[in-house]
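For reference, structure33.cif (mmCIF, C-alpha atoms):
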```cif
data_model
#
loop_
_atom_site.group_PDB
_atom_site.id
_atom_site.type_symbol
_atom_site.label_atom_id
_atom_site.label_comp_id
_atom_site.auth_asym_id
_atom_site.auth_seq_id
_atom_site.Cartn_x
_atom_site.Cartn_y
_atom_site.Cartn_z
ATOM 1 C CA MET A 7 249.412 86.707 84.340
ATOM 2 C CA SER A 8 248.665 87.976 80.875
ATOM 3 C CA ALA A 9 245.603 87.005 78.898
ATOM 4 C CA GLU A 10 247.739 84.690 76.767
ATOM 5 C CA GLN A 11 248.847 82.770 79.873
ATOM 6 C CA ARG A 12 245.366 81.758 81.041
ATOM 7 C CA ARG A 13 245.195 78.219 82.321
ATOM 8 C CA SER A 14 242.183 76.953 80.423
ATOM 9 C CA GLY A 15 239.371 77.836 78.092
ATOM 10 C CA GLU A 16 239.239 79.653 74.824
ATOM 11 C CA ARG A 17 238.980 83.413 74.845
ATOM 12 C CA VAL A 18 236.229 85.382 73.159
ATOM 13 C CA VAL A 19 237.597 88.763 72.075
ATOM 14 C CA PHE A 20 235.198 91.704 71.707
ATOM 15 C CA GLU A 21 236.326 93.958 68.857
ATOM 16 C CA ARG A 22 234.810 97.079 70.449
ATOM 17 C CA GLY A 23 234.608 95.832 74.019
ATOM 18 C CA PHE A 24 231.505 94.980 75.995
ATOM 19 C CA GLY A 25 230.254 97.653 78.411
ATOM 20 C CA ALA A 26 230.059 96.495 82.027
ATOM 21 C CA GLN A 27 230.367 97.777 85.605
ATOM 22 C CA MET A 28 232.630 96.699 88.441
ATOM 23 C CA MET A 29 231.042 96.925 91.887
ATOM 24 C CA GLY A 30 232.428 96.301 95.349
ATOM 25 C CA ILE A 31 231.100 93.263 97.200
ATOM 26 C CA ASP A 32 229.671 95.623 99.828
ATOM 27 C CA GLY A 33 228.198 97.975 97.188
ATOM 28 C CA THR A 34 230.255 100.987 98.339
ATOM 29 C CA TRP A 35 231.929 101.626 94.978
ATOM 30 C CA ARG A 36 231.270 101.184 91.275
ATOM 31 C CA ARG A 37 233.391 101.751 88.166
ATOM 32 C CA PRO A 38 232.455 101.547 84.485
ATOM 33 C CA CYS A 39 234.644 99.229 82.433
ATOM 34 C CA MET A 40 234.908 97.542 79.059
ATOM 35 C CA MET A 41 235.315 93.779 78.883
ATOM 36 C CA GLU A 42 237.961 93.260 76.195
ATOM 37 C CA ASP A 43 237.919 89.474 76.259
ATOM 38 C CA VAL A 44 236.433 86.651 78.313
ATOM 39 C CA SER A 45 236.972 82.955 78.893
ATOM 40 C CA GLU A 46 235.384 80.392 81.157
ATOM 41 C CA THR A 47 237.848 81.257 83.928
ATOM 42 C CA GLY A 48 238.290 85.035 83.654
ATOM 43 C CA ALA A 49 238.347 88.246 81.662
ATOM 44 C CA LYS A 50 240.431 91.263 80.693
ATOM 45 C CA LEU A 51 238.871 94.622 81.560
ATOM 46 C CA THR A 52 239.731 98.215 80.709
ATOM 47 C CA VAL A 53 238.662 100.336 83.679
ATOM 48 C CA GLU A 54 237.426 103.922 83.406
ATOM 49 C CA GLY A 55 238.789 106.045 86.232
ATOM 50 C CA SER A 56 241.202 105.191 88.999
ATOM 51 C CA ILE A 57 241.215 101.856 90.807
ATOM 52 C CA GLU A 58 243.565 103.170 93.473
ATOM 53 C CA GLY A 59 242.225 102.530 96.963
ATOM 54 C CA LEU A 60 239.502 100.103 95.825
ATOM 55 C CA ASN A 61 239.246 96.685 97.443
ATOM 56 C CA LEU A 62 239.712 94.472 94.390
ATOM 57 C CA LYS A 63 240.361 91.251 96.284
ATOM 58 C CA GLU A 64 236.769 90.267 95.508
ATOM 59 C CA PHE A 65 234.126 92.220 93.575
ATOM 60 C CA PHE A 66 231.213 91.854 91.172
ATOM 61 C CA LEU A 67 231.398 92.318 87.407
ATOM 62 C CA LEU A 68 227.894 93.480 86.437
ATOM 63 C CA LEU A 69 227.018 92.456 82.894
ATOM 64 C CA SER A 70 223.544 93.990 82.631
ATOM 65 C CA SER A 71 222.239 97.476 83.319
ATOM 66 C CA THR A 72 219.992 96.157 86.098
ATOM 67 C CA GLY A 73 222.788 94.187 87.769
ATOM 68 C CA LEU A 74 220.850 90.930 87.537
ATOM 69 C CA ALA A 75 223.530 89.248 85.389
ATOM 70 C CA TYR A 76 226.916 89.201 87.075
ATOM 71 C CA ARG A 77 230.104 87.291 87.825
ATOM 72 C CA ARG A 78 231.939 87.303 91.131
ATOM 73 C CA CYS A 79 235.628 88.106 90.507
ATOM 74 C CA GLU A 80 239.028 88.450 92.078
ATOM 75 C CA LEU A 81 241.917 90.536 90.762
ATOM 76 C CA ALA A 82 244.610 88.573 88.883
ATOM 77 C CA TRP A 83 246.829 91.332 87.442
ATOM 78 C CA VAL A 84 247.040 95.081 86.713
ATOM 79 C CA ASN A 85 248.684 96.777 83.722
ATOM 80 C CA GLY A 86 247.860 100.492 83.557
ATOM 81 C CA ASP A 87 244.114 100.899 83.019
ATOM 82 C CA GLN A 88 243.689 97.203 82.190
ATOM 83 C CA ILE A 89 243.130 94.465 84.745
ATOM 84 C CA GLY A 90 242.772 90.717 84.569
ATOM 85 C CA VAL A 91 240.171 89.003 86.710
ATOM 86 C CA ASN A 92 239.547 85.402 87.674
ATOM 87 C CA PHE A 93 235.946 84.294 88.043
ATOM 88 C CA LEU A 94 235.238 82.703 91.406
ATOM 89 C CA LYS A 95 233.685 79.255 91.296
ATOM 90 C CA ALA A 96 230.166 78.413 92.432
ATOM 91 C CA ALA A 97 231.601 76.158 95.162
ATOM 92 C CA ASP A 98 233.275 79.217 96.724
ATOM 93 C CA ARG A 99 229.936 81.065 96.841
ATOM 94 C CA LYS A 100 228.069 78.056 98.246
ATOM 95 C CA LYS A 101 230.464 77.936 101.207
ATOM 96 C CA LYS A 102 229.836 81.627 101.898
ATOM 97 C CA ALA A 103 226.055 81.227 101.477
ATOM 98 C CA ALA A 104 226.073 78.375 103.983
ATOM 99 C CA ARG A 105 227.491 80.830 106.503
ATOM 100 C CA GLY A 106 224.410 83.049 106.222
ATOM 101 C CA GLY A 107 224.436 85.023 102.958
ATOM 102 C CA SER A 108 221.853 84.900 100.192
ATOM 103 C CA ASP A 109 222.174 86.136 96.619
ATOM 104 C CA GLN A 110 219.160 87.656 94.902
ATOM 105 C CA MET A 111 220.968 88.113 91.604
ATOM 106 C CA VAL A 112 221.293 85.518 88.861
ATOM 107 C CA GLU A 113 224.790 84.619 87.777
ATOM 108 C CA VAL A 114 225.574 83.979 84.117
#
```

Give the structure from this file in structure tokens form.
Amino acid sequence: MSAEQRRSGERVVFERGFGAQMMGIDGTWRRPCMMEDVSETGAKLTVEGSIEGLNLKEFFLLLSSTGLAYRRCELAWVNGDQIGVNFLKAADRKKKAARGGSDQMVEV
């Protein structure tokens, strides 16, 4: 699904990109990326380095240098060094938290 085919929400396009980090749910990997655009439901990222072999089914998009501002994501599409991600809803996280997890980070 291309950025133009997003289901809902207006996109905010960053002229120079917005520096961010992708991090595995389990914290075992991290990749720098640039957020090219964002909407309420997802974003388009340009990833630095290879994504081959990474578990991109679910991961964090860290929006601050301390990692305290983040979004939980799932991969939507890949096109070269660019990927599309869907933001996971709070209801999805609440179900997981009820099973025994706790988040210490603040989502934006």

Step by step, work through what the PyMOL selection byres ((chain A and resi 45-62) around 9) selects in the shown file, and finish by giving those residues as a JSON list (two decimals) with C-alpha atoms, keeping the file's coordinate frame.
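Saved as result09.json:
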```json
[["chain", "number", "residue", "atom", "x", "y", "z"],
["A", 8, "SER", "CA", 248.66, 87.98, 80.88],
["A", 9, "ALA", "CA", 245.60, 87.00, 78.90],
["A", 12, "ARG", "CA", 245.37, 81.76, 81.04],
["A", 13, "ARG", "CA", 245.20, 78.22, 82.32],
["A", 14, "SER", "CA", 242.18, 76.95, 80.42],
["A", 15, "GLY", "CA", 239.37, 77.84, 78.09],
["A", 16, "GLU", "CA", 239.24, 79.65, 74.82],
["A", 17, "ARG", "CA", 238.98, 83.41, 74.84],
["A", 18, "VAL", "CA", 236.23, 85.38, 73.16],
["A", 19, "VAL", "CA", 237.60, 88.76, 72.08],
["A", 23, "GLY", "CA", 234.61, 95.83, 74.02],
["A", 27, "GLN", "CA", 230.37, 97.78, 85.60],
["A", 28, "MET", "CA", 232.63, 96.70, 88.44],
["A", 30, "GLY", "CA", 232.43, 96.30, 95.35],
["A", 31, "ILE", "CA", 231.10, 93.26, 97.20],
["A", 35, "TRP", "CA", 231.93, 101.63, 94.98],
["A", 37, "ARG", "CA", 233.39, 101.75, 88.17],
["A", 38, "PRO", "CA", 232.46, 101.55, 84.48],
["A", 39, "CYS", "CA", 234.64, 99.23, 82.43],
["A", 40, "MET", "CA", 234.91, 97.54, 79.06],
["A", 41, "MET", "CA", 235.32, 93.78, 78.88],
["A", 42, "GLU", "CA", 237.96, 93.26, 76.19],
["A", 43, "ASP", "CA", 237.92, 89.47, 76.26],
["A", 44, "VAL", "CA", 236.43, 86.65, 78.31],
["A", 63, "LYS", "CA", 240.36, 91.25, 96.28],
["A", 64, "GLU", "CA", 236.77, 90.27, 95.51],
["A", 65, "PHE", "CA", 234.13, 92.22, 93.58],
["A", 79, "CYS", "CA", 235.63, 88.11, 90.51],
["A", 80, "GLU", "CA", 239.03, 88.45, 92.08],
["A", 81, "LEU", "CA", 241.92, 90.54, 90.76],
["A", 82, "ALA", "CA", 244.61, 88.57, 88.88],
["A", 86, "GLY", "CA", 247.86, 100.49, 83.56],
["A", 87, "ASP", "CA", 244.11, 100.90, 83.02],
["A", 88, "GLN", "CA", 243.69, 97.20, 82.19],
["A", 89, "ILE", "CA", 243.13, 94.46, 84.74],
["A", 90, "GLY", "CA", 242.77, 90.72, 84.57],
["A", 91, "VAL", "CA", 240.17, 89.00, 86.71],
["A", 92, "ASN", "CA", 239.55, 85.40, 87.67],
["A", 93, "PHE", "CA", 235.95, 84.29, 88.04],
["A", 94, "LEU", "CA", 235.24, 82.70, 91.41],
["A", 95, "LYS", "CA", 233.68, 79.26, 91.30]]
```

#### Entry: Atomic separation - atom CA of Ser70 of chain A relative to atom CA of Thr34 of chain A, Å
18.5 Å

### Query
What does the PyMOL selection byres ((chain A and resi 73) around 10) select in this file, as a ChimeraX atom specification?
/A:26-27,29,66-72,74-76,111-113

Size and centre in Å, one decimal, axis-aligned box, all listed segment 46-60 of chain A atoms plus 6 Å per side, as JSON:
```
{"center_x": 239.5, "center_y": 93.2, "center_z": 88.8, "size_x": 20.2, "size_y": 37.7, "size_z": 28.3}
```

Could you get me a file of segment 68-97 of chain A with N, CA and C atoms, as a PDB file, in the first residue's frame, taken from the block above?
```pdb
ATOM      1  N   LEU A  68      10.950   4.971  17.632  1.00  0.00           N
ATOM      2  CA  LEU A  68      11.344   5.896  18.704  1.00  0.00           C
ATOM      3  C   LEU A  68      11.456   7.304  18.132  1.00  0.00           C
ATOM      4  N   LEU A  69      10.732   8.229  18.711  1.00  0.00           N
ATOM      5  CA  LEU A  69      10.661   9.590  18.193  1.00  0.00           C
ATOM      6  C   LEU A  69      11.467  10.588  18.997  1.00  0.00           C
ATOM      7  N   SER A  70      12.091  10.149  20.087  1.00  0.00           N
ATOM      8  CA  SER A  70      12.942  11.033  20.878  1.00  0.00           C
ATOM      9  C   SER A  70      14.267  10.323  21.144  1.00  0.00           C
ATOM     10  N   SER A  71      15.286  11.090  21.436  1.00  0.00           N
ATOM     11  CA  SER A  71      16.607  10.502  21.664  1.00  0.00           C
ATOM     12  C   SER A  71      16.649   9.622  22.908  1.00  0.00           C
ATOM     13  N   THR A  72      15.759   9.864  23.863  1.00  0.00           N
ATOM     14  CA  THR A  72      15.731   9.045  25.072  1.00  0.00           C
ATOM     15  C   THR A  72      14.818   7.826  24.931  1.00  0.00           C
ATOM     16  N   GLY A  73      14.035   7.776  23.863  1.00  0.00           N
ATOM     17  CA  GLY A  73      13.131   6.650  23.663  1.00  0.00           C
ATOM     18  C   GLY A  73      11.845   6.757  24.459  1.00  0.00           C
ATOM     19  N   LEU A  74      11.607   7.898  25.098  1.00  0.00           N
ATOM     20  CA  LEU A  74      10.400   8.040  25.904  1.00  0.00           C
ATOM     21  C   LEU A  74       9.160   8.389  25.075  1.00  0.00           C
ATOM     22  N   ALA A  75       9.350   8.869  23.858  1.00  0.00           N
ATOM     23  CA  ALA A  75       8.234   9.122  22.944  1.00  0.00           C
ATOM     24  C   ALA A  75       8.342   8.098  21.822  1.00  0.00           C
ATOM     25  N   TYR A  76       7.306   7.317  21.624  1.00  0.00           N
ATOM     26  CA  TYR A  76       7.373   6.239  20.652  1.00  0.00           C
ATOM     27  C   TYR A  76       5.993   5.897  20.102  1.00  0.00           C
ATOM     28  N   ARG A  77       5.987   5.131  19.019  1.00  0.00           N
ATOM     29  CA  ARG A  77       4.774   4.515  18.496  1.00  0.00           C
ATOM     30  C   ARG A  77       5.085   3.047  18.249  1.00  0.00           C
ATOM     31  N   ARG A  78       4.127   2.204  18.521  1.00  0.00           N
ATOM     32  CA  ARG A  78       4.263   0.776  18.248  1.00  0.00           C
ATOM     33  C   ARG A  78       3.752   0.559  16.827  1.00  0.00           C
ATOM     34  N   CYS A  79       4.525  -0.142  15.985  1.00  0.00           N
ATOM     35  CA  CYS A  79       4.240  -0.237  14.559  1.00  0.00           C
ATOM     36  C   CYS A  79       4.240  -1.675  14.068  1.00  0.00           C
ATOM     37  N   GLU A  80       3.633  -1.837  12.886  1.00  0.00           N
ATOM     38  CA  GLU A  80       3.762  -3.070  12.131  1.00  0.00           C
ATOM     39  C   GLU A  80       4.061  -2.691  10.695  1.00  0.00           C
ATOM     40  N   LEU A  81       4.801  -3.543   9.997  1.00  0.00           N
ATOM     41  CA  LEU A  81       5.191  -3.294   8.619  1.00  0.00           C
ATOM     42  C   LEU A  81       3.980  -3.392   7.704  1.00  0.00           C
ATOM     43  N   ALA A  82       3.823  -2.412   6.791  1.00  0.00           N
ATOM     44  CA  ALA A  82       2.740  -2.426   5.813  1.00  0.00           C
ATOM     45  C   ALA A  82       3.272  -2.742   4.415  1.00  0.00           C
ATOM     46  N   TRP A  83       4.405  -2.131   4.041  1.00  0.00           N
ATOM     47  CA  TRP A  83       4.978  -2.350   2.716  1.00  0.00           C
ATOM     48  C   TRP A  83       6.463  -1.997   2.706  1.00  0.00           C
ATOM     49  N   VAL A  84       7.177  -2.513   1.697  1.00  0.00           N
ATOM     50  CA  VAL A  84       8.608  -2.237   1.511  1.00  0.00           C
ATOM     51  C   VAL A  84       8.824  -1.854   0.054  1.00  0.00           C
ATOM     52  N   ASN A  85       9.607  -0.801  -0.174  1.00  0.00           N
ATOM     53  CA  ASN A  85       9.992  -0.392  -1.522  1.00  0.00           C
ATOM     54  C   ASN A  85      11.421   0.129  -1.449  1.00  0.00           C
ATOM     55  N   GLY A  86      12.394  -0.749  -1.674  1.00  0.00           N
ATOM     56  CA  GLY A  86      13.801  -0.371  -1.563  1.00  0.00           C
ATOM     57  C   GLY A  86      14.157  -0.047  -0.130  1.00  0.00           C
ATOM     58  N   ASP A  87      14.689   1.173   0.094  1.00  0.00           N
ATOM     59  CA  ASP A  87      15.054   1.570   1.461  1.00  0.00           C
ATOM     60  C   ASP A  87      13.907   2.274   2.177  1.00  0.00           C
ATOM     61  N   GLN A  88      12.739   2.346   1.549  1.00  0.00           N
ATOM     62  CA  GLN A  88      11.577   2.950   2.192  1.00  0.00           C
ATOM     63  C   GLN A  88      10.585   1.877   2.620  1.00  0.00           C
ATOM     64  N   ILE A  89       9.979   2.108   3.781  1.00  0.00           N
ATOM     65  CA  ILE A  89       8.949   1.195   4.277  1.00  0.00           C
ATOM     66  C   ILE A  89       7.746   2.005   4.740  1.00  0.00           C
ATOM     67  N   GLY A  90       6.597   1.381   4.682  1.00  0.00           N
ATOM     68  CA  GLY A  90       5.385   1.962   5.232  1.00  0.00           C
ATOM     69  C   GLY A  90       5.036   1.202   6.497  1.00  0.00           C
ATOM     70  N   VAL A  91       4.609   1.916   7.508  1.00  0.00           N
ATOM     71  CA  VAL A  91       4.226   1.274   8.764  1.00  0.00           C
ATOM     72  C   VAL A  91       2.832   1.708   9.168  1.00  0.00           C
ATOM     73  N   ASN A  92       2.109   0.798   9.792  1.00  0.00           N
ATOM     74  CA  ASN A  92       0.825   1.095  10.404  1.00  0.00           C
ATOM     75  C   ASN A  92       1.049   1.205  11.901  1.00  0.00           C
ATOM     76  N   PHE A  93       0.462   2.210  12.524  1.00  0.00           N
ATOM     77  CA  PHE A  93       0.539   2.342  13.967  1.00  0.00           C
ATOM     78  C   PHE A  93      -0.485   1.408  14.598  1.00  0.00           C
ATOM     79  N   LEU A  94      -0.053   0.670  15.608  1.00  0.00           N
ATOM     80  CA  LEU A  94      -0.965  -0.228  16.306  1.00  0.00           C
ATOM     81  C   LEU A  94      -1.796   0.567  17.292  1.00  0.00           C
ATOM     82  N   LYS A  95      -3.028   0.186  17.455  1.00  0.00           N
ATOM     83  CA  LYS A  95      -3.973   0.921  18.293  1.00  0.00           C
ATOM     84  C   LYS A  95      -3.757   0.627  19.769  1.00  0.00           C
ATOM     85  N   ALA A  96      -4.176   1.559  20.610  1.00  0.00           N
ATOM     86  CA  ALA A  96      -4.043   1.407  22.053  1.00  0.00           C
ATOM     87  C   ALA A  96      -4.770   0.166  22.545  1.00  0.00           C
ATOM     88  N   ALA A  97      -5.889  -0.179  21.937  1.00  0.00           N
ATOM     89  CA  ALA A  97      -6.653  -1.367  22.349  1.00  0.00           C
ATOM     90  C   ALA A  97      -5.807  -2.631  22.184  1.00  0.00           C
TER      91      ALA A  97
END
```
